[in-house]
file data_16.cif (mmCIF, C-alpha atoms and all ligand atoms)
data_work
loop_
_atom_site.label_atom_id
_atom_site.label_comp_id
_atom_site.auth_asym_id
_atom_site.auth_seq_id
_atom_site.Cartn_x
_atom_site.Cartn_y
_atom_site.Cartn_z
CA MET A 66 -47.27 -15.44 61.15
CA PRO A 67 -51.06 -15.84 61.15
CA PRO A 68 -52.89 -15.03 64.41
CA ARG A 69 -52.59 -17.82 66.96
CA HIS A 70 -56.21 -18.94 66.83
CA ALA A 71 -56.84 -18.43 63.11
CA ARG A 72 -57.82 -22.07 62.64
CA THR A 73 -60.30 -22.12 65.47
CA LEU A 74 -64.02 -21.61 65.02
CA ILE A 75 -66.14 -20.56 68.00
CA VAL A 76 -69.64 -21.97 67.55
CA MET A 77 -72.41 -20.37 69.56
CA PRO A 78 -75.80 -22.07 69.58
CA ALA A 79 -78.36 -19.35 70.27
CA PHE A 80 -82.08 -19.51 70.81
CA ASN A 81 -83.76 -16.18 71.63
CA GLU A 82 -80.56 -14.68 73.05
CA ALA A 83 -80.73 -11.19 71.50
CA ALA A 84 -80.23 -9.68 74.97
CA SER A 85 -76.80 -11.23 75.46
CA VAL A 86 -75.39 -12.58 72.19
CA GLY A 87 -73.98 -9.24 71.00
CA ASP A 88 -71.88 -8.67 74.12
CA VAL A 89 -70.74 -12.30 74.19
CA VAL A 90 -69.58 -12.17 70.56
CA ARG A 91 -67.68 -8.91 71.15
CA GLU A 92 -66.09 -10.30 74.30
CA VAL A 93 -64.96 -13.46 72.49
CA LEU A 94 -63.45 -11.47 69.61
CA ALA A 95 -61.63 -9.25 72.12
CA LYS A 96 -60.32 -11.99 74.41
CA VAL A 97 -59.47 -14.62 71.78
CA PRO A 98 -57.64 -12.73 69.01
CA GLY A 99 -57.83 -14.02 65.47
CA VAL A 100 -60.69 -16.38 66.09
CA GLU A 101 -63.81 -16.64 63.89
CA VAL A 102 -67.22 -16.73 65.57
CA LEU A 103 -70.21 -18.55 64.07
CA VAL A 104 -73.55 -17.94 65.75
CA VAL A 105 -76.17 -20.54 64.87
CA ASP A 106 -79.54 -18.89 65.34
CA ASP A 107 -81.92 -21.77 65.91
CA GLY A 108 -85.17 -20.26 64.69
CA SER A 109 -85.20 -17.48 67.29
CA LYS A 110 -88.24 -15.24 67.46
CA ASP A 111 -86.15 -12.22 68.44
CA ALA A 112 -83.32 -10.22 66.83
CA THR A 113 -80.60 -12.77 67.68
CA SER A 114 -79.32 -13.01 64.05
CA ARG A 115 -79.14 -9.27 63.47
CA VAL A 116 -77.52 -8.53 66.83
CA ALA A 117 -74.92 -11.26 66.29
CA ARG A 118 -74.10 -10.06 62.77
CA GLU A 119 -73.70 -6.47 63.97
CA ALA A 120 -71.30 -7.69 66.66
CA GLY A 121 -69.05 -9.19 63.99
CA ALA A 122 -70.04 -12.85 63.96
CA LEU A 123 -70.82 -15.10 61.02
CA VAL A 124 -74.46 -16.07 61.39
CA ALA A 125 -76.26 -19.20 60.22
CA THR A 126 -80.00 -18.87 60.67
CA LEU A 127 -82.01 -22.10 60.80
CA PRO A 128 -85.56 -21.88 59.45
CA PHE A 129 -86.93 -23.68 62.52
CA ASN A 130 -85.71 -24.96 65.86
CA LEU A 131 -83.43 -28.00 65.66
CA GLY A 132 -82.15 -27.98 69.24
CA VAL A 133 -78.57 -27.51 70.42
CA GLY A 134 -77.43 -30.75 68.73
CA GLY A 135 -78.68 -29.75 65.29
CA ALA A 136 -77.26 -26.25 65.65
CA MET A 137 -73.84 -27.56 66.71
CA GLN A 138 -73.72 -29.96 63.78
CA VAL A 139 -74.15 -26.99 61.45
CA GLY A 140 -71.09 -25.52 63.17
CA PHE A 141 -69.02 -28.71 62.84
CA LYS A 142 -69.95 -29.10 59.16
CA TYR A 143 -69.04 -25.49 58.46
CA ALA A 144 -65.71 -25.93 60.26
CA LEU A 145 -64.86 -29.07 58.32
CA GLU A 146 -65.74 -27.57 54.94
CA ASN A 147 -63.85 -24.34 55.58
CA GLY A 148 -60.60 -25.71 56.93
CA PHE A 149 -60.93 -24.97 60.63
CA ASP A 150 -59.01 -27.39 62.86
CA ASN A 151 -60.76 -26.75 66.15
CA VAL A 152 -64.28 -25.94 67.23
CA VAL A 153 -65.10 -24.43 70.61
CA GLN A 154 -68.71 -24.32 71.76
CA VAL A 155 -69.51 -21.20 73.79
CA ASP A 156 -73.01 -20.50 75.11
CA ALA A 157 -74.66 -17.31 73.91
CA ASP A 158 -75.97 -16.42 77.37
CA GLY A 159 -72.58 -15.25 78.67
CA GLN A 160 -72.13 -18.05 81.22
CA HIS A 161 -68.90 -19.23 79.62
CA ASP A 162 -65.97 -16.89 80.16
CA PRO A 163 -64.21 -16.43 76.78
CA ALA A 164 -60.95 -15.90 78.70
CA ASN A 165 -60.99 -19.69 79.26
CA VAL A 166 -61.09 -20.49 75.54
CA PRO A 167 -57.27 -20.38 75.13
CA ILE A 168 -56.96 -22.70 78.17
CA LEU A 169 -59.28 -25.23 76.52
CA LEU A 170 -57.41 -24.89 73.22
CA ALA A 171 -54.07 -25.41 74.92
CA ALA A 172 -55.37 -28.64 76.47
CA LEU A 173 -56.30 -29.88 72.97
CA ALA A 174 -52.60 -30.55 72.44
CA GLU A 175 -53.04 -33.80 74.39
CA ALA A 176 -56.70 -34.53 73.74
CA ASP A 177 -59.37 -34.64 71.05
CA ILE A 178 -62.08 -33.17 73.26
CA VAL A 179 -61.65 -30.83 76.21
CA LEU A 180 -64.55 -30.08 78.55
CA GLY A 181 -64.77 -26.92 80.60
CA ALA A 182 -65.98 -28.44 83.88
CA ARG A 183 -68.00 -26.36 86.31
CA PHE A 184 -67.68 -28.43 89.47
CA ALA A 185 -63.95 -28.99 89.38
CA GLY A 186 -63.10 -26.46 92.07
CA GLU A 187 -63.31 -23.17 90.19
CA GLY A 188 -66.18 -20.76 90.78
CA ASP A 189 -69.42 -21.40 92.65
CA TYR A 190 -71.84 -22.73 90.04
CA ALA A 191 -74.34 -25.01 91.81
CA VAL A 192 -77.43 -27.03 90.93
CA ARG A 193 -79.66 -28.95 93.32
CA GLY A 194 -82.31 -31.67 93.33
CA PRO A 195 -82.86 -34.33 90.65
CA ARG A 196 -80.77 -32.46 88.11
CA ARG A 197 -77.77 -32.56 90.46
CA TRP A 198 -78.18 -36.32 91.17
CA ALA A 199 -78.39 -36.93 87.44
CA MET A 200 -75.23 -34.92 86.84
CA VAL A 201 -73.28 -36.73 89.56
CA SER A 202 -74.24 -40.24 88.42
CA LEU A 203 -73.62 -39.32 84.79
CA ALA A 204 -70.17 -38.07 85.70
CA VAL A 205 -69.31 -41.35 87.43
CA ILE A 206 -70.49 -43.53 84.54
CA LEU A 207 -69.06 -41.38 81.75
CA SER A 208 -65.70 -41.19 83.54
CA ARG A 209 -65.47 -44.97 83.18
CA VAL A 210 -66.56 -44.88 79.54
CA ALA A 211 -64.03 -42.17 78.71
CA HIS A 212 -61.18 -43.58 80.84
CA THR A 213 -60.60 -40.25 82.56
CA LYS A 214 -61.97 -38.38 85.55
CA LEU A 215 -64.90 -36.20 84.49
CA THR A 216 -66.91 -34.21 87.03
CA ASP A 217 -69.22 -32.23 84.77
CA THR A 218 -70.40 -34.07 81.68
CA THR A 219 -73.32 -31.82 80.76
CA SER A 220 -71.16 -28.75 80.28
CA GLY A 221 -71.77 -27.00 76.98
CA PHE A 222 -68.30 -25.44 77.16
CA LYS A 223 -66.31 -27.79 74.95
CA ALA A 224 -63.34 -27.68 72.61
CA SER A 225 -63.02 -30.23 69.80
CA GLY A 226 -59.81 -30.95 67.93
CA PRO A 227 -59.52 -32.03 64.25
CA LYS A 228 -60.42 -35.68 64.84
CA ALA A 229 -63.47 -34.76 66.90
CA VAL A 230 -64.59 -32.14 64.37
CA ALA A 231 -64.51 -34.76 61.59
CA LEU A 232 -66.46 -37.20 63.76
CA PHE A 233 -69.06 -34.69 64.94
CA ALA A 234 -69.62 -33.20 61.48
CA GLU A 235 -71.16 -36.57 60.65
CA HIS A 236 -72.44 -37.88 63.95
CA TYR A 237 -73.64 -35.19 66.29
CA PRO A 238 -76.73 -36.39 68.14
CA ALA A 239 -79.84 -34.24 67.85
CA GLU A 240 -81.85 -35.99 70.57
CA TYR A 241 -82.56 -34.20 73.81
CA LEU A 242 -79.38 -34.39 75.96
CA GLY A 243 -77.61 -36.03 73.02
CA ASP A 244 -75.39 -33.03 72.47
CA THR A 245 -73.77 -33.52 75.86
CA ILE A 246 -74.11 -37.13 77.05
CA GLU A 247 -74.25 -39.06 73.80
CA SER A 248 -71.61 -36.98 72.06
CA LEU A 249 -69.12 -37.96 74.78
CA VAL A 250 -70.02 -41.64 74.44
CA ILE A 251 -69.66 -41.41 70.65
CA ALA A 252 -66.23 -39.82 70.99
CA ALA A 253 -65.04 -42.29 73.63
CA ARG A 254 -66.22 -45.26 71.59
CA ALA A 255 -64.50 -43.85 68.50
CA GLY A 256 -61.28 -44.02 70.52
CA GLN A 257 -60.88 -40.27 71.04
CA VAL A 258 -59.15 -38.79 74.07
CA ILE A 259 -61.37 -36.75 76.41
CA ARG A 260 -60.04 -34.41 79.11
CA GLN A 261 -61.53 -31.78 81.37
CA VAL A 262 -60.16 -28.51 82.68
CA PRO A 263 -61.77 -26.61 85.57
CA VAL A 264 -63.51 -23.35 84.67
CA ALA A 265 -65.66 -20.90 86.58
CA MET A 266 -69.22 -20.42 85.38
CA ARG A 267 -70.82 -16.97 85.37
CA GLU A 268 -74.43 -15.84 85.79
CA ARG A 269 -76.30 -15.55 82.51
CA ALA A 270 -76.06 -12.03 81.09
CA GLY A 271 -79.71 -11.71 80.03
CA GLY A 272 -82.71 -13.61 78.69
CA VAL A 273 -84.26 -16.62 80.39
CA PRO A 274 -82.78 -20.04 81.24
CA SER A 275 -84.27 -22.95 79.29
CA HIS A 276 -84.70 -25.14 82.36
CA ASN A 277 -87.28 -25.03 85.16
CA PRO A 278 -87.82 -27.24 88.25
CA PHE A 279 -90.52 -29.28 86.50
CA LYS A 280 -88.26 -30.10 83.57
CA ALA A 281 -85.45 -30.92 85.99
CA ALA A 282 -87.33 -33.94 87.34
CA ALA A 283 -87.85 -35.40 83.88
CA TYR A 284 -84.16 -34.74 83.23
CA LEU A 285 -83.04 -37.58 85.50
CA GLY A 286 -84.97 -40.28 83.66
CA ARG A 287 -84.22 -39.01 80.19
CA ALA A 288 -80.53 -38.66 80.95
CA GLY A 289 -80.50 -42.31 82.01
CA ILE A 290 -82.29 -43.43 78.84
CA ALA A 291 -80.01 -41.33 76.65
CA LEU A 292 -76.96 -42.90 78.29
CA VAL A 293 -78.23 -46.48 78.03
CA PHE A 294 -79.01 -46.15 74.33
CA ALA A 295 -75.76 -44.36 73.59
CA LEU A 296 -73.87 -47.27 75.15
CA MET A 297 -76.02 -49.88 73.37
CA ARG A 298 -75.64 -48.50 69.85
CA PRO A 299 -73.71 -50.68 67.42
CA ALA A 300 -70.19 -49.33 66.94
CA SER A 301 -70.72 -49.13 63.15
CA THR A 302 -73.11 -46.21 63.81
CA TYR A 303 -70.08 -44.01 64.47
CA PHE A 304 -68.10 -44.77 61.30
CA VAL A 305 -66.50 -41.72 59.69
CA GLY A 306 -65.67 -41.33 56.00
CA GLU A 307 -66.68 -43.23 52.89
CA ARG A 308 -68.14 -46.68 53.12
CA MET B 83 -104.92 -72.38 79.59
CA ALA B 84 -102.85 -74.62 77.37
CA VAL B 85 -99.09 -74.49 77.79
CA THR B 86 -98.63 -73.63 74.08
CA THR B 87 -100.90 -70.58 74.36
CA TYR B 88 -99.01 -69.48 77.44
CA ILE B 89 -95.67 -69.75 75.67
CA LEU B 90 -97.01 -68.13 72.50
CA GLY B 91 -98.11 -65.08 74.52
CA ILE B 92 -94.72 -64.65 76.13
CA VAL B 93 -92.74 -65.20 72.93
CA THR B 94 -94.86 -62.70 70.98
CA ALA B 95 -94.47 -60.01 73.64
CA ALA B 96 -90.73 -60.62 73.94
CA LEU B 97 -90.38 -60.42 70.17
CA VAL B 98 -92.21 -57.09 70.04
CA LEU B 99 -89.92 -55.66 72.72
CA LEU B 100 -86.83 -57.02 71.01
CA VAL B 101 -87.75 -55.50 67.65
CA VAL B 102 -88.50 -52.10 69.19
CA ILE B 103 -85.24 -52.03 71.16
CA GLU B 104 -83.21 -53.14 68.16
CA LEU B 105 -84.79 -50.39 66.01
CA LEU B 106 -83.97 -47.84 68.72
CA ARG B 107 -80.43 -49.13 68.97
CA ARG B 108 -79.88 -48.75 65.23
CA ARG B 109 -81.46 -45.29 65.21
CA HIS B 110 -84.29 -46.43 62.93
CA LEU B 111 -86.72 -45.27 65.60
CA ARG B 112 -86.57 -42.20 67.79
CA GLU B 113 -87.06 -42.37 71.53
CA ARG B 114 -90.27 -40.35 71.52
CA HIS B 115 -91.83 -42.48 68.80
CA ALA B 116 -90.92 -45.70 70.53
CA ILE B 117 -92.43 -44.93 73.90
CA TRP B 118 -95.96 -46.29 73.19
CA TRP B 119 -94.63 -49.45 71.57
CA LEU B 120 -92.37 -50.02 74.57
CA ILE B 121 -95.25 -49.56 77.00
CA ALA B 122 -97.43 -51.95 74.97
CA GLY B 123 -94.65 -54.52 74.81
CA VAL B 124 -94.00 -54.38 78.55
CA PHE B 125 -97.72 -54.76 79.34
CA ALA B 126 -98.01 -57.70 76.97
CA LEU B 127 -94.99 -59.36 78.54
CA ILE B 128 -96.32 -58.93 82.09
CA ILE B 129 -99.71 -60.32 81.13
CA GLY B 130 -98.08 -63.10 79.16
CA ILE B 131 -95.99 -64.23 82.11
CA PHE B 132 -98.59 -63.61 84.84
CA PRO B 133 -102.10 -64.06 83.33
CA VAL B 134 -103.57 -63.52 86.82
CA THR B 135 -102.63 -59.83 86.64
CA LEU B 136 -105.05 -59.49 83.72
CA GLU B 137 -107.87 -61.20 85.62
CA TRP B 138 -107.12 -59.09 88.68
CA ALA B 139 -107.12 -55.83 86.70
CA ALA B 140 -110.34 -56.79 84.88
CA LYS B 141 -112.09 -57.56 88.15
CA LEU B 142 -110.86 -54.30 89.64
CA LEU B 143 -112.39 -52.35 86.74
CA GLY B 144 -115.57 -54.43 86.75
CA ILE B 145 -114.93 -55.93 83.32
CA GLU B 146 -116.50 -59.39 83.08
CA VAL B 147 -114.48 -60.91 80.26
CA PRO B 148 -110.76 -60.19 80.88
CA THR B 149 -109.87 -60.34 77.18
CA ASN B 150 -112.12 -57.31 76.67
CA LEU B 151 -109.65 -55.34 78.78
CA VAL B 152 -106.87 -56.44 76.43
CA PHE B 153 -108.88 -55.23 73.42
CA PHE B 154 -109.71 -51.96 75.15
CA VAL B 155 -106.10 -51.18 76.09
CA SER B 156 -104.79 -52.25 72.67
CA ILE B 157 -107.23 -50.00 70.86
CA ALA B 158 -106.43 -47.12 73.22
CA ILE B 159 -102.69 -47.48 72.54
CA LEU B 160 -103.20 -47.76 68.78
CA PHE B 161 -105.41 -44.69 68.93
CA LEU B 162 -102.71 -42.72 70.77
CA VAL B 163 -100.01 -43.81 68.31
CA CYS B 164 -102.22 -42.77 65.39
CA LEU B 165 -102.85 -39.42 66.99
CA GLN B 166 -99.15 -38.90 67.61
CA HIS B 167 -98.41 -39.72 63.98
CA SER B 168 -101.01 -37.24 62.74
CA SER B 169 -99.50 -34.55 64.89
CA GLU B 170 -95.96 -35.39 63.75
CA LEU B 171 -97.14 -35.28 60.14
CA THR B 172 -98.60 -31.84 60.69
CA LYS B 173 -95.32 -30.62 62.17
CA LEU B 174 -93.32 -32.13 59.31
CA GLU B 175 -95.58 -30.48 56.74
CA SER B 176 -95.09 -27.07 58.27
CA LYS B 177 -91.33 -27.66 58.39
CA THR B 178 -91.08 -28.67 54.71
CA ARG B 179 -93.17 -25.62 53.90
CA ALA B 180 -90.75 -23.42 55.84
CA LEU B 181 -87.82 -25.05 53.99
CA ALA B 182 -89.45 -24.52 50.58
CA GLU B 183 -90.09 -20.87 51.39
CA ARG B 184 -86.50 -20.36 52.55
CA LEU B 185 -85.20 -22.07 49.40
CA ALA B 186 -87.34 -19.94 47.11
CA ILE B 187 -86.15 -16.73 48.78
CA LEU B 188 -82.50 -17.86 48.69
CA GLU B 189 -82.75 -18.76 45.01
CA LEU B 190 -84.24 -15.37 44.29
CA GLU B 191 -81.48 -13.61 46.24
CA VAL B 192 -78.69 -15.63 44.61
CA GLY B 193 -80.16 -14.98 41.15
CA GLU B 194 -80.55 -11.26 41.85
CA SER B 195 -77.01 -10.83 43.12
CA ALA B 196 -75.61 -12.78 40.14
CA ARG B 197 -77.56 -10.50 37.80
CA ARG B 198 -76.25 -7.41 39.62
CA ASP B 199 -72.68 -8.69 39.32
CA ASP B 200 -73.19 -9.25 35.58
CA SER B 201 -74.52 -5.77 34.90
CA ALA B 202 -71.72 -4.27 37.04
CA ASN B 203 -69.07 -5.80 34.76
N1 LIG C 1 -79.48 -23.91 68.90
C1 LIG C 1 -80.16 -23.90 70.05
N2 LIG C 1 -79.58 -23.36 71.11
C2 LIG C 1 -80.27 -23.34 72.24
C3 LIG C 1 -81.58 -23.88 72.38
N3 LIG C 1 -81.97 -23.72 73.68
C4 LIG C 1 -80.94 -23.11 74.30
N4 LIG C 1 -79.94 -22.87 73.43
C5 LIG C 1 -78.63 -22.22 73.66
O1 LIG C 1 -77.82 -23.10 74.39
C6 LIG C 1 -77.05 -22.36 75.32
C7 LIG C 1 -77.32 -22.87 76.72
O2 LIG C 1 -78.68 -22.71 77.03
P1 LIG C 1 -79.16 -22.41 78.50
O3 LIG C 1 -80.61 -22.16 78.43
O4 LIG C 1 -78.30 -21.35 79.10
O5 LIG C 1 -78.90 -23.83 79.17
P2 LIG C 1 -77.88 -24.17 80.34
O6 LIG C 1 -76.70 -23.27 80.30
O7 LIG C 1 -77.65 -25.64 80.25
O8 LIG C 1 -78.77 -23.93 81.60
P3 LIG C 1 -78.75 -22.71 82.65
O9 LIG C 1 -77.90 -23.22 83.78
O10 LIG C 1 -80.18 -22.56 83.03
O11 LIG C 1 -78.20 -21.51 81.97
C8 LIG C 1 -77.40 -20.90 75.10
O12 LIG C 1 -76.44 -20.33 74.25
C9 LIG C 1 -78.75 -20.96 74.44
O13 LIG C 1 -78.98 -19.87 73.60
C10 LIG C 1 -82.18 -24.45 71.22
O14 LIG C 1 -83.31 -24.94 71.21
N5 LIG C 1 -81.41 -24.43 70.08
MG MG C 2 -76.81 -21.26 80.32
#

call {"tool": "encode", "arguments": {"input": "data_16.cif", "output": "structure tokens", "more": "lines below"}}
Ligand SMILES: Nc1nc2c(ncn2[C@@H]2O[C@H](COP(=O)(O)OP(=O)(O)OP(=O)(O)O)[C@@H](O)[C@H]2O)c(=O)[nH]1
Ligand SMILES: [Mg+2]
result
Amino acid sequence: MPPRHARTLIVMPAFNEAASVGDVVREVLAKVPGVEVLVVDDGSKDATSRVAREAGALVATLPFNLGVGGAMQVGFKYALENGFDNVVQVDADGQHDPANVPILLAALAEADIVLGARFAGEGDYAVRGPRRWAMVSLAVILSRVAHTKLTDTTSGFKASGPKAVALFAEHYPAEYLGDTIESLVIAARAGQVIRQVPVAMRERAGGVPSHNPFKAAAYLGRAGIALVFALMRPASTYFVGER
Amino acid sequence: MAVTTYILGIVTAALVLLVVIELLRRRHLRERHAIWWLIAGVFALIIGIFPVTLEWAAKLLGIEVPTNLVFFVSIAILFLVCLQHSSELTKLESKTRALAERLAILELEVGESARRDDSAN
């Protein structure tokens, strides 16, 4: 019998994460046996690619920065072309505990997309100020769009089943915040089932976070705009397959 | 002001906004490229509906002929859009250059490894 997770690809978007990506890759390979790890180095200026390769990951190096959305689409395309059923996004900064990956995968039995939610009771991850208000209102609205209770819609910790992989290989948004907010709207409007499971979030293992208080204020407005346009898009935008 | 002019102003502004939003909706225009057009459209709509706001703003800035303010703001917005396009073009050029360089190196590497495989057999 092949290893249990042989048809699952872990995709790790990484931008200047040389300090943590090696340990994260090794931890994933240890805690999720049989899985393949693809690190998408998004034009990092540091040794991210080399460190990831030495840790045993497949590495796709982009010639310049495309953002998390562009990097993830590389992962979805690779998964589709190489016969992987599921894709799990795990951050390269060590905040997502790889021990939760099998829990997310198990939940894929009844869903197309499973979110690892940070505010659902587990752990003590907290954000404040405008970014928190944005997250709370997004959760309320997206819960209605997705017909399920979601408490953390901007989580990068996500598992996608075969239907979602096929959809996202073609339509993964590259706009700012598109990879979280708009991707959920796309999936919901394509009739896919979205669920969340509670997970604890850890401190980042190294490097610097990409957000600061100044950016957080702009986050609120841009999240709103991203949501409005995602909901307004004509449904034909999300067609999968040949026309 | 004649009623027809009044209506023409509003209809034109509304049309501009409609076109921009429809382009955004269909992904023919990206959010960051649309922002100036949206601002211009909103201004035009406000002035179209409430011409007094234009007279008030002109007086506030000490501009004698209110339409001059319209010309000034229009030119300023067009200037900003042009500038943004020049900067985007520069970024795109450096990205295509990076792609071409990557492609050339990849082609070289693929060719080399094929040659090595041949001589190994
Ligand atoms: N491909 C790609 N990945 C990125 C980029 N910026 C950040 N990342 C990766 O996305 C993941 C999450 O980034 P973080 O900066 O930790 O963002 P976050 O987890 O939402 O925010 P924090 O709570 O501050 O950690 C990490 O694996 C980063 O390496 C980018 O521009 N491109
Ligand atoms: Mg993080």

call {"tool": "atom_distance", "arguments": {"input": "data_16.cif", "atom1": "atom CA of B:His115", "atom2": "atom CA of B:Leu99"}}
result
13.9 Å

call {"tool": "closest_atom_pairs", "arguments": {"input": "data_16.cif", "of": "chain B", "to": "chain A", "cutoff": "10 Å", "atoms": "all atoms listed in the file", "output": "tab-separated table"}}
result
residue	atom	partner	partner_atom	distance
B:Ile103	CA	A:Phe294	CA	9.1
B:Glu104	CA	A:Arg298	CA	9.0
B:Leu106	CA	A:Phe294	CA	7.7
B:Arg107	CA	A:Arg298	CA	4.9
B:Arg108	CA	A:Arg298	CA	6.3
B:Arg109	CA	A:Arg298	CA	8.1
B:Arg112	CA	A:Glu240	CA	8.3
B:Glu113	CA	A:Glu240	CA	8.3
B:Arg114	CA	A:Glu240	CA	9.5
B:Ser176	CA	A:Phe129	CA	9.8
B:Lys177	CA	A:Phe129	CA	7.2
B:Thr178	CA	A:Pro128	CA	10.0
B:Ala180	CA	A:Pro128	CA	6.5
B:Leu181	CA	A:Pro128	CA	6.7
B:Glu183	CA	A:Pro128	CA	9.3
B:Arg184	CA	A:Pro128	CA	7.1

call {"tool": "closest_residue", "arguments": {"input": "data_16.cif", "among": "A:Val155, A:Leu242, A:Val124, A:Leu249", "to": "ligand MG 2 (chain C)", "atoms": "all atoms listed in the file"}}
result
A:Val155

call {"tool": "residues_around", "arguments": {"input": "data_16.cif", "residues": "A:Arg72", "least_positions_apart": "3", "cutoff": "7 Å", "atoms": "all atoms listed in the file", "output": "list in words"}}
result
Phe149, Asp150 and Asn151 of chain A

call {"tool": "closest_atom_pairs", "arguments": {"input": "data_16.cif", "of": "chain A", "to": "ligand LIG 1 (chain C)", "cutoff": "8 Å", "atoms": "all atoms listed in the file", "output": "JSON lines"}}
result
{"residue": "A:Met77", "atom": "CA", "partner": "C:LIG1", "partner_atom": "O12", "distance": 6.2}
{"residue": "A:Pro78", "atom": "CA", "partner": "C:LIG1", "partner_atom": "N1", "distance": 4.2}
{"residue": "A:Ala79", "atom": "CA", "partner": "C:LIG1", "partner_atom": "O13", "distance": 3.4}
{"residue": "A:Phe80", "atom": "CA", "partner": "C:LIG1", "partner_atom": "O13", "distance": 4.2}
{"residue": "A:Asn81", "atom": "CA", "partner": "C:LIG1", "partner_atom": "O13", "distance": 6.4}
{"residue": "A:Glu82", "atom": "CA", "partner": "C:LIG1", "partner_atom": "O13", "distance": 5.5}
{"residue": "A:Val105", "atom": "CA", "partner": "C:LIG1", "partner_atom": "N1", "distance": 6.2}
{"residue": "A:Asp106", "atom": "CA", "partner": "C:LIG1", "partner_atom": "N1", "distance": 6.2}
{"residue": "A:Asp107", "atom": "CA", "partner": "C:LIG1", "partner_atom": "N1", "distance": 4.4}
{"residue": "A:Gly108", "atom": "CA", "partner": "C:LIG1", "partner_atom": "N5", "distance": 7.8}
{"residue": "A:Asn130", "atom": "CA", "partner": "C:LIG1", "partner_atom": "O14", "distance": 5.9}
{"residue": "A:Leu131", "atom": "CA", "partner": "C:LIG1", "partner_atom": "N5", "distance": 6.0}
{"residue": "A:Gly132", "atom": "CA", "partner": "C:LIG1", "partner_atom": "N5", "distance": 3.7}
{"residue": "A:Val133", "atom": "CA", "partner": "C:LIG1", "partner_atom": "C1", "distance": 4.0}
{"residue": "A:Gly134", "atom": "CA", "partner": "C:LIG1", "partner_atom": "N1", "distance": 7.1}
{"residue": "A:Gly135", "atom": "CA", "partner": "C:LIG1", "partner_atom": "N1", "distance": 6.9}
{"residue": "A:Ala136", "atom": "CA", "partner": "C:LIG1", "partner_atom": "N1", "distance": 4.6}
{"residue": "A:Met137", "atom": "CA", "partner": "C:LIG1", "partner_atom": "N1", "distance": 7.1}
{"residue": "A:Val155", "atom": "CA", "partner": "C:LIG1", "partner_atom": "O12", "distance": 7.0}
{"residue": "A:Asp156", "atom": "CA", "partner": "C:LIG1", "partner_atom": "O12", "distance": 3.5}
{"residue": "A:Ala157", "atom": "CA", "partner": "C:LIG1", "partner_atom": "O12", "distance": 3.5}
{"residue": "A:Asp158", "atom": "CA", "partner": "C:LIG1", "partner_atom": "O12", "distance": 5.0}
{"residue": "A:Gly159", "atom": "CA", "partner": "C:LIG1", "partner_atom": "O12", "distance": 7.8}
{"residue": "A:Gln160", "atom": "CA", "partner": "C:LIG1", "partner_atom": "O6", "distance": 7.0}
{"residue": "A:Thr219", "atom": "CA", "partner": "C:LIG1", "partner_atom": "O7", "distance": 7.6}
{"residue": "A:Ser220", "atom": "CA", "partner": "C:LIG1", "partner_atom": "O7", "distance": 7.2}
{"residue": "A:Gly221", "atom": "CA", "partner": "C:LIG1", "partner_atom": "O7", "distance": 6.9}
{"residue": "A:Glu268", "atom": "CA", "partner": "C:LIG1", "partner_atom": "O11", "distance": 7.8}
{"residue": "A:Arg269", "atom": "CA", "partner": "C:LIG1", "partner_atom": "O11", "distance": 6.3}
{"residue": "A:Val273", "atom": "CA", "partner": "C:LIG1", "partner_atom": "O3", "distance": 6.9}
{"residue": "A:Pro274", "atom": "CA", "partner": "C:LIG1", "partner_atom": "O10", "distance": 4.0}
{"residue": "A:Ser275", "atom": "CA", "partner": "C:LIG1", "partner_atom": "O3", "distance": 3.8}
{"residue": "A:His276", "atom": "CA", "partner": "C:LIG1", "partner_atom": "O10", "distance": 5.2}
{"residue": "A:Asn277", "atom": "CA", "partner": "C:LIG1", "partner_atom": "O10", "distance": 7.8}

call {"tool": "closest_residue", "arguments": {"input": "data_16.cif", "among": "A:Leu94, A:Leu170, A:Ala229, A:Val86", "to": "ligand MG 2 (chain C)", "atoms": "all atoms listed in the file"}}
result
A:Val86

call {"tool": "residues_around", "arguments": {"input": "data_16.cif", "residues": "A:Leu103", "least_positions_apart": "3", "cutoff": "8 Å", "atoms": "only C-alpha atoms", "output": "ChimeraX atom specification"}}
result
/A:74-77,122-125,140

call {"tool": "atom_distance", "arguments": {"input": "data_16.cif", "atom1": "atom CA of B:Gly193", "atom2": "atom CA of A:Arg118"}}
result
23.0 Å
